[in-house]
file model_19.pdb (PDB, C-alpha atoms)
ATOM      1  CA  MET M   1     147.080  78.147  76.697
ATOM      2  CA  THR M   2     145.804  78.308  73.137
ATOM      3  CA  LEU M   3     146.268  81.750  71.574
ATOM      4  CA  PRO M   4     143.452  83.332  69.565
ATOM      5  CA  ARG M   5     144.096  83.007  65.835
ATOM      6  CA  LEU M   6     143.900  86.206  63.822
ATOM      7  CA  ALA M   7     142.278  86.654  60.436
ATOM      8  CA  GLY M   8     141.301  89.591  58.275
ATOM      9  CA  PRO M   9     141.263  91.038  54.770
ATOM     10  CA  SER M  10     144.266  90.445  52.550
ATOM     11  CA  GLN M  11     145.531  91.373  49.117
ATOM     12  CA  SER M  12     147.868  89.535  46.758
ATOM     13  CA  PRO M  13     150.836  91.214  45.040
ATOM     14  CA  ALA M  14     149.829  93.645  42.302
ATOM     15  CA  SER M  15     152.454  92.076  40.049
ATOM     16  CA  GLY M  16     150.502  88.836  39.980
ATOM     17  CA  GLY M  17     153.598  86.910  40.986
ATOM     18  CA  PRO M  18     154.719  85.397  44.281
ATOM     19  CA  ALA M  19     155.152  87.701  47.251
ATOM     20  CA  ARG M  20     158.627  89.113  47.820
ATOM     21  CA  GLN M  21     157.524  91.314  50.733
ATOM     22  CA  LEU M  22     154.766  91.068  53.329
ATOM     23  CA  VAL M  23     153.035  94.116  54.822
ATOM     24  CA  VAL M  24     151.003  93.407  57.964
ATOM     25  CA  MET M  25     148.648  96.216  58.989
ATOM     26  CA  LEU M  26     147.478  96.586  62.604
ATOM     27  CA  HIS M  27     144.396  98.763  63.054
ATOM     28  CA  GLY M  28     143.393 101.110  65.845
ATOM     29  CA  VAL M  29     141.017 100.388  68.713
ATOM     30  CA  GLY M  30     137.361 100.046  67.749
ATOM     31  CA  ALA M  31     138.122  99.401  64.068
ATOM     32  CA  ASP M  32     139.049  96.205  62.217
ATOM     33  CA  GLY M  33     141.282  95.110  59.377
ATOM     34  CA  ASN M  34     139.110  96.788  56.763
ATOM     35  CA  ASP M  35     140.182 100.146  58.181
ATOM     36  CA  LEU M  36     143.723  99.863  56.778
ATOM     37  CA  ILE M  37     143.642  97.391  53.901
ATOM     38  CA  ALA M  38     142.706 100.219  51.497
ATOM     39  CA  LEU M  39     146.287 101.467  51.858
ATOM     40  CA  ALA M  40     147.464  98.354  50.040
ATOM     41  CA  ASP M  41     146.765  99.764  46.573
ATOM     42  CA  PHE M  42     148.718 102.907  47.391
ATOM     43  CA  ILE M  43     151.726 101.047  48.782
ATOM     44  CA  ALA M  44     151.639  98.519  45.938
ATOM     45  CA  GLU M  45     152.570 101.283  43.489
ATOM     46  CA  ALA M  46     156.040 101.201  45.064
ATOM     47  CA  LEU M  47     156.028  97.551  46.168
ATOM     48  CA  PRO M  48     154.216  95.616  43.417
ATOM     49  CA  ASP M  49     155.527  92.312  44.747
ATOM     50  CA  ALA M  50     154.185  92.847  48.271
ATOM     51  CA  ALA M  51     151.358  90.840  49.801
ATOM     52  CA  PHE M  52     149.163  92.598  52.364
ATOM     53  CA  VAL M  53     147.133  91.379  55.309
ATOM     54  CA  ALA M  54     145.192  93.398  57.892
ATOM     55  CA  PRO M  55     144.089  91.124  60.737
ATOM     56  CA  ASP M  56     141.198  91.998  63.001
ATOM     57  CA  GLY M  57     142.204  92.521  66.617
ATOM     58  CA  PRO M  58     141.791  89.410  68.774
ATOM     59  CA  PHE M  59     139.234  90.884  71.175
ATOM     60  CA  ALA M  60     135.837  92.539  70.824
ATOM     61  CA  TYR M  61     135.931  96.266  71.530
ATOM     62  CA  ASP M  62     134.707  96.583  75.095
ATOM     63  CA  MET M  63     133.472 100.191  74.844
ATOM     64  CA  ALA M  64     131.053  99.807  71.907
ATOM     65  CA  PRO M  65     128.846  97.082  70.403
ATOM     66  CA  PHE M  66     131.118  96.754  67.351
ATOM     67  CA  GLY M  67     134.789  96.861  66.412
ATOM     68  CA  ARG M  68     137.876  95.021  67.636
ATOM     69  CA  GLN M  69     140.773  95.810  69.926
ATOM     70  CA  TRP M  70     144.259  94.535  70.723
ATOM     71  CA  PHE M  71     143.747  95.361  74.380
ATOM     72  CA  SER M  72     141.291  97.273  76.535
ATOM     73  CA  LEU M  73     141.527 101.009  77.084
ATOM     74  CA  ALA M  74     138.996 101.046  79.911
ATOM     75  CA  ASP M  75     142.004 101.717  82.158
ATOM     76  CA  ARG M  76     144.394 104.115  80.408
ATOM     77  CA  SER M  77     147.151 103.995  82.994
ATOM     78  CA  ALA M  78     150.625 103.210  81.677
ATOM     79  CA  GLU M  79     150.643  99.990  83.699
ATOM     80  CA  ALA M  80     147.347  98.753  82.244
ATOM     81  CA  ILE M  81     148.323  99.635  78.675
ATOM     82  CA  GLY M  82     151.695  97.944  79.108
ATOM     83  CA  GLY M  83     150.013  94.833  80.436
ATOM     84  CA  GLY M  84     147.582  94.820  77.529
ATOM     85  CA  VAL M  85     150.379  95.106  74.991
ATOM     86  CA  ARG M  86     152.280  92.244  76.615
ATOM     87  CA  THR M  87     149.170  90.039  76.564
ATOM     88  CA  ALA M  88     148.480  90.653  72.886
ATOM     89  CA  ALA M  89     152.098  90.459  71.706
ATOM     90  CA  PRO M  90     152.323  86.623  71.506
ATOM     91  CA  ILE M  91     149.124  86.609  69.439
ATOM     92  CA  VAL M  92     150.610  89.037  66.928
ATOM     93  CA  ASP M  93     153.939  87.179  66.908
ATOM     94  CA  ALA M  94     152.236  83.882  66.121
ATOM     95  CA  PHE M  95     150.282  85.507  63.281
ATOM     96  CA  LEU M  96     153.469  86.986  61.795
ATOM     97  CA  ASP M  97     155.181  83.605  61.888
ATOM     98  CA  GLU M  98     152.156  82.001  60.259
ATOM     99  CA  GLN M  99     151.961  84.577  57.466
ATOM    100  CA  LEU M 100     155.692  84.509  56.747
ATOM    101  CA  ALA M 101     155.562  80.735  56.461
ATOM    102  CA  LEU M 102     152.503  80.951  54.221
ATOM    103  CA  HIS M 103     154.368  83.190  51.763
ATOM    104  CA  GLY M 104     157.751  81.503  52.152
ATOM    105  CA  LEU M 105     159.390  84.690  53.429
ATOM    106  CA  GLU M 106     161.811  85.645  56.191
ATOM    107  CA  ASP M 107     161.553  88.518  58.649
ATOM    108  CA  ASN M 108     163.768  90.728  56.488
ATOM    109  CA  ALA M 109     160.890  90.901  54.001
ATOM    110  CA  LEU M 110     158.329  91.873  56.652
ATOM    111  CA  VAL M 111     156.859  95.328  57.252
ATOM    112  CA  LEU M 112     154.624  96.180  60.206
ATOM    113  CA  LEU M 113     152.287  99.115  59.656
ATOM    114  CA  GLY M 114     150.270 100.253  62.635
ATOM    115  CA  PHE M 115     147.765 102.963  63.415
ATOM    116  CA  SER M 116     147.160 104.221  66.962
ATOM    117  CA  GLN M 117     146.799 101.154  69.196
ATOM    118  CA  GLY M 118     148.089  99.088  66.284
ATOM    119  CA  SER M 119     151.255 101.215  66.264
ATOM    120  CA  MET M 120     151.814 100.426  69.926
ATOM    121  CA  MET M 121     151.588  96.735  69.082
ATOM    122  CA  ALA M 122     153.804  97.013  65.998
ATOM    123  CA  LEU M 123     156.596  98.796  67.849
ATOM    124  CA  HIS M 124     156.489  96.471  70.834
ATOM    125  CA  VAL M 125     156.517  93.274  68.791
ATOM    126  CA  ALA M 126     159.037  94.321  66.138
ATOM    127  CA  LEU M 127     161.673  95.360  68.653
ATOM    128  CA  ARG M 128     161.454  92.021  70.465
ATOM    129  CA  ARG M 129     161.394  89.510  67.593
ATOM    130  CA  LYS M 130     164.410  87.228  67.282
ATOM    131  CA  ARG M 131     165.054  88.375  63.728
ATOM    132  CA  PRO M 132     164.560  92.008  62.653
ATOM    133  CA  CYS M 133     161.804  92.840  60.237
ATOM    134  CA  ALA M 134     162.553  95.259  57.410
ATOM    135  CA  ALA M 135     160.639  98.256  58.736
ATOM    136  CA  VAL M 136     157.926  99.588  61.005
ATOM    137  CA  LEU M 137     155.544 102.386  60.002
ATOM    138  CA  ALA M 138     153.881 103.714  63.149
ATOM    139  CA  TYR M 139     151.087 106.244  62.625
ATOM    140  CA  SER M 140     149.495 108.219  65.475
ATOM    141  CA  GLY M 141     150.780 105.826  68.116
ATOM    142  CA  ALA M 142     153.138 105.632  71.082
ATOM    143  CA  LEU M 143     156.023 103.594  72.385
ATOM    144  CA  THR M 144     154.764 101.773  75.453
ATOM    145  CA  MET M 145     157.024 100.918  78.385
ATOM    146  CA  PRO M 146     160.068 102.830  77.105
ATOM    147  CA  GLU M 147     161.829 102.229  80.414
ATOM    148  CA  ALA M 148     161.834  98.472  79.726
ATOM    149  CA  LEU M 149     163.183  98.732  76.195
ATOM    150  CA  PRO M 150     166.954  98.827  76.944
ATOM    151  CA  GLY M 151     166.697  95.489  78.741
ATOM    152  CA  GLU M 152     164.309  93.839  76.281
ATOM    153  CA  ILE M 153     165.247  95.006  72.790
ATOM    154  CA  VAL M 154     166.354  92.219  70.459
ATOM    155  CA  SER M 155     165.921  93.681  66.964
ATOM    156  CA  ARG M 156     166.470  97.133  65.492
ATOM    157  CA  PRO M 157     164.421  97.541  62.294
ATOM    158  CA  ARG M 158     164.103 100.878  60.530
ATOM    159  CA  VAL M 159     161.214 102.877  62.020
ATOM    160  CA  LEU M 160     159.135 105.745  60.667
ATOM    161  CA  LEU M 161     156.958 107.604  63.174
ATOM    162  CA  VAL M 162     154.217 109.878  61.817
ATOM    163  CA  HIS M 163     151.851 111.837  64.053
ATOM    164  CA  GLY M 164     149.398 114.692  63.636
ATOM    165  CA  GLU M 165     150.241 117.775  65.668
ATOM    166  CA  ALA M 166     146.522 118.287  66.359
ATOM    167  CA  ASP M 167     145.866 114.678  67.409
ATOM    168  CA  GLU M 168     143.030 114.754  69.928
ATOM    169  CA  VAL M 169     143.252 111.057  70.850
ATOM    170  CA  VAL M 170     146.944 110.205  71.273
ATOM    171  CA  ASN M 171     149.116 113.047  72.565
ATOM    172  CA  PRO M 172     151.425 114.355  69.796
ATOM    173  CA  LEU M 173     154.208 114.521  72.402
ATOM    174  CA  CYS M 174     154.297 110.732  72.137
ATOM    175  CA  LEU M 175     156.188 111.194  68.857
ATOM    176  CA  PRO M 176     159.317 112.950  70.184
ATOM    177  CA  ALA M 177     159.257 110.735  73.283
ATOM    178  CA  ALA M 178     159.277 107.616  71.116
ATOM    179  CA  GLU M 179     161.932 109.056  68.822
ATOM    180  CA  ARG M 180     164.260 109.739  71.742
ATOM    181  CA  ALA M 181     163.723 106.326  73.327
ATOM    182  CA  LEU M 182     164.293 104.473  70.056
ATOM    183  CA  ALA M 183     167.388 106.462  69.130
ATOM    184  CA  ALA M 184     168.813 105.853  72.615
ATOM    185  CA  VAL M 185     168.861 102.083  71.990
ATOM    186  CA  GLY M 186     170.260 102.319  68.472
ATOM    187  CA  VAL M 187     167.088 101.986  66.420
ATOM    188  CA  PRO M 188     167.298 103.901  63.109
ATOM    189  CA  VAL M 189     164.262 106.173  63.416
ATOM    190  CA  VAL M 190     162.726 108.973  61.371
ATOM    191  CA  ALA M 191     159.926 111.097  62.840
ATOM    192  CA  GLU M 192     157.460 113.386  61.086
ATOM    193  CA  LEU M 193     154.966 115.662  62.845
ATOM    194  CA  ARG M 194     152.174 116.570  60.420
ATOM    195  CA  PRO M 195     150.914 120.155  60.838
ATOM    196  CA  GLY M 196     147.199 120.552  61.488
ATOM    197  CA  LEU M 197     146.478 116.818  61.337
ATOM    198  CA  GLY M 198     144.253 115.161  63.921
ATOM    199  CA  HIS M 199     144.052 111.455  64.706
ATOM    200  CA  GLY M 200     144.469 109.986  61.265
ATOM    201  CA  ILE M 201     146.718 109.360  58.270
ATOM    202  CA  ASP M 202     146.839 112.110  55.662
ATOM    203  CA  GLY M 203     148.039 111.901  52.071
ATOM    204  CA  GLU M 204     151.485 113.253  52.846
ATOM    205  CA  GLY M 205     151.926 110.840  55.733
ATOM    206  CA  ALA M 206     150.989 107.953  53.473
ATOM    207  CA  ARG M 207     153.377 109.223  50.800
ATOM    208  CA  LEU M 208     156.198 109.435  53.338
ATOM    209  CA  GLY M 209     155.502 105.849  54.355
ATOM    210  CA  VAL M 210     155.636 104.597  50.781
ATOM    211  CA  ALA M 211     158.890 106.459  50.122
ATOM    212  CA  PHE M 212     160.337 105.020  53.335
ATOM    213  CA  LEU M 213     159.458 101.482  52.262
ATOM    214  CA  ALA M 214     160.778 101.997  48.742
ATOM    215  CA  GLN M 215     164.074 103.179  50.216
ATOM    216  CA  THR M 216     164.132 100.295  52.698
ATOM    217  CA  PHE M 217     163.875  97.618  50.055
ATOM    218  CA  ALA M 218     166.093  99.458  47.572
ATOM    219  CA  THR M 219     168.954  99.124  50.052
TER     220      THR M 219
END
call {"tool": "encode", "arguments": {"input": "model_19.pdb", "output": "structure tokens"}}
result
Amino acid sequence: MTLPRLAGPSQSPASGGPARQLVVMLHGVGADGNDLIALADFIAEALPDAAFVAPDGPFAYDMAPFGRQWFSLADRSAEAIGGGVRTAAPIVDAFLDEQLALHGLEDNALVLLGFSQGSMMALHVALRRKRPCAAVLAYSGALTMPEALPGEIVSRPRVLLVHGEADEVVNPLCLPAAERALAAVGVPVVAELRPGLGHGIDGEGARLGVAFLAQTFAT
């Protein structure tokens, strides 16, 4: 079966030189790559040699006449969401391989940044790639199928989880649940619950992400 090919907005390194890192941004349901690419300028202050790409989800959003999705949320049961993540994972994996080859980089230079549904995809894919990426920034998301993780985990990249305590879309309790499940399988994880924040990324959350990436590549 031929996998859908992803495409979306991208940005070259602010330094003007070749890319030394690659940041792939996975948007939330009903949005597209333009929703996250604006973060590139902010992150580039700490990673001037990073290239950025924010692919549009492979499927049309099935609950509105616009937007994209990684998988359907018409059925929000854990089984349906898990199945959707598994279906989309090979598509994301193929895109990551393509982009790394394009920039002449290895997985240890790769960062996955996800928001909401994109965070679910980023966590699932990163933990199962043959070679660990450098880091995962997961905003307002969840770890799907935690019960399967001990038997499926292959890589243990550094992970930062950030979630608003007033999130009205994805339950904030998903943050401590994901933190526990990741720590239990040896993933180095940091979690931050943002007071008063709904379903979004605030300035402090973005700042924490940039500091996390700066520390990741400094070591």
call {"tool": "atom_distance", "arguments": {"input": "model_19.pdb", "atom1": "CA of Leu110 (chain M)", "atom2": "CA of Arg207 (chain M)"}}
result
19.0 Å
call {"tool": "residues_around", "arguments": {"input": "model_19.pdb", "residues": "Asn108 (chain M)", "least_positions_apart": "3", "cutoff": "8 Å", "atoms": "all atoms listed in the file", "output": "ChimeraX atom specification"}}
result
/M:131-134
call {"tool": "resolve_selection", "arguments": {"input": "model_19.pdb", "expression": "the PyMOL selection byres ((chain M and resi 159) around 7)", "output": "list in words"}}
result
Ala135, Val136, Leu137, Pro157, Arg158, Leu160, Leu161, Pro188, Val189 and Val190 of chain M
call {"tool": "write_last_selection", "arguments": {"input": "model_19.pdb", "atoms": "C-alpha atoms", "output": "short mmCIF file (atom, residue, chain, number, x, y, z; two decimals), in the frame of the given file"}}
result
data_model
loop_
_atom_site.label_atom_id
_atom_site.label_comp_id
_atom_site.auth_asym_id
_atom_site.auth_seq_id
_atom_site.Cartn_x
_atom_site.Cartn_y
_atom_site.Cartn_z
CA ALA M 135 160.64 98.26 58.74
CA VAL M 136 157.93 99.59 61.00
CA LEU M 137 155.54 102.39 60.00
CA PRO M 157 164.42 97.54 62.29
CA ARG M 158 164.10 100.88 60.53
CA LEU M 160 159.14 105.74 60.67
CA LEU M 161 156.96 107.60 63.17
CA PRO M 188 167.30 103.90 63.11
CA VAL M 189 164.26 106.17 63.42
CA VAL M 190 162.73 108.97 61.37
#
call {"tool": "closest_atom_pairs", "arguments": {"input": "model_19.pdb", "of": "region 53-146 of chain M", "to": "region 43-48 of chain M", "cutoff": "12 Å", "atoms": "all atoms listed in the file", "output": "tab-separated table"}}
result
residue	atom	partner	partner_atom	distance
M:Ala109	CA	M:Leu47	CA	11.4
M:Val111	CA	M:Leu47	CA	11.3
M:Leu113	CA	M:Ile43	CA	11.1
M:Leu137	CA	M:Ile43	CA	11.9
call {"tool": "atom_distance", "arguments": {"input": "model_19.pdb", "atom1": "CA of Gln11 (chain M)", "atom2": "CA of Gly114 (chain M)"}}
result
16.9 Å
call {"tool": "residues_around", "arguments": {"input": "model_19.pdb", "residues": "Phe66 (chain M)", "least_positions_apart": "5", "cutoff": "10 Å", "atoms": "all atoms listed in the file", "output": "PyMOL selection string"}}
result
chain M and resi 30-32+60-61
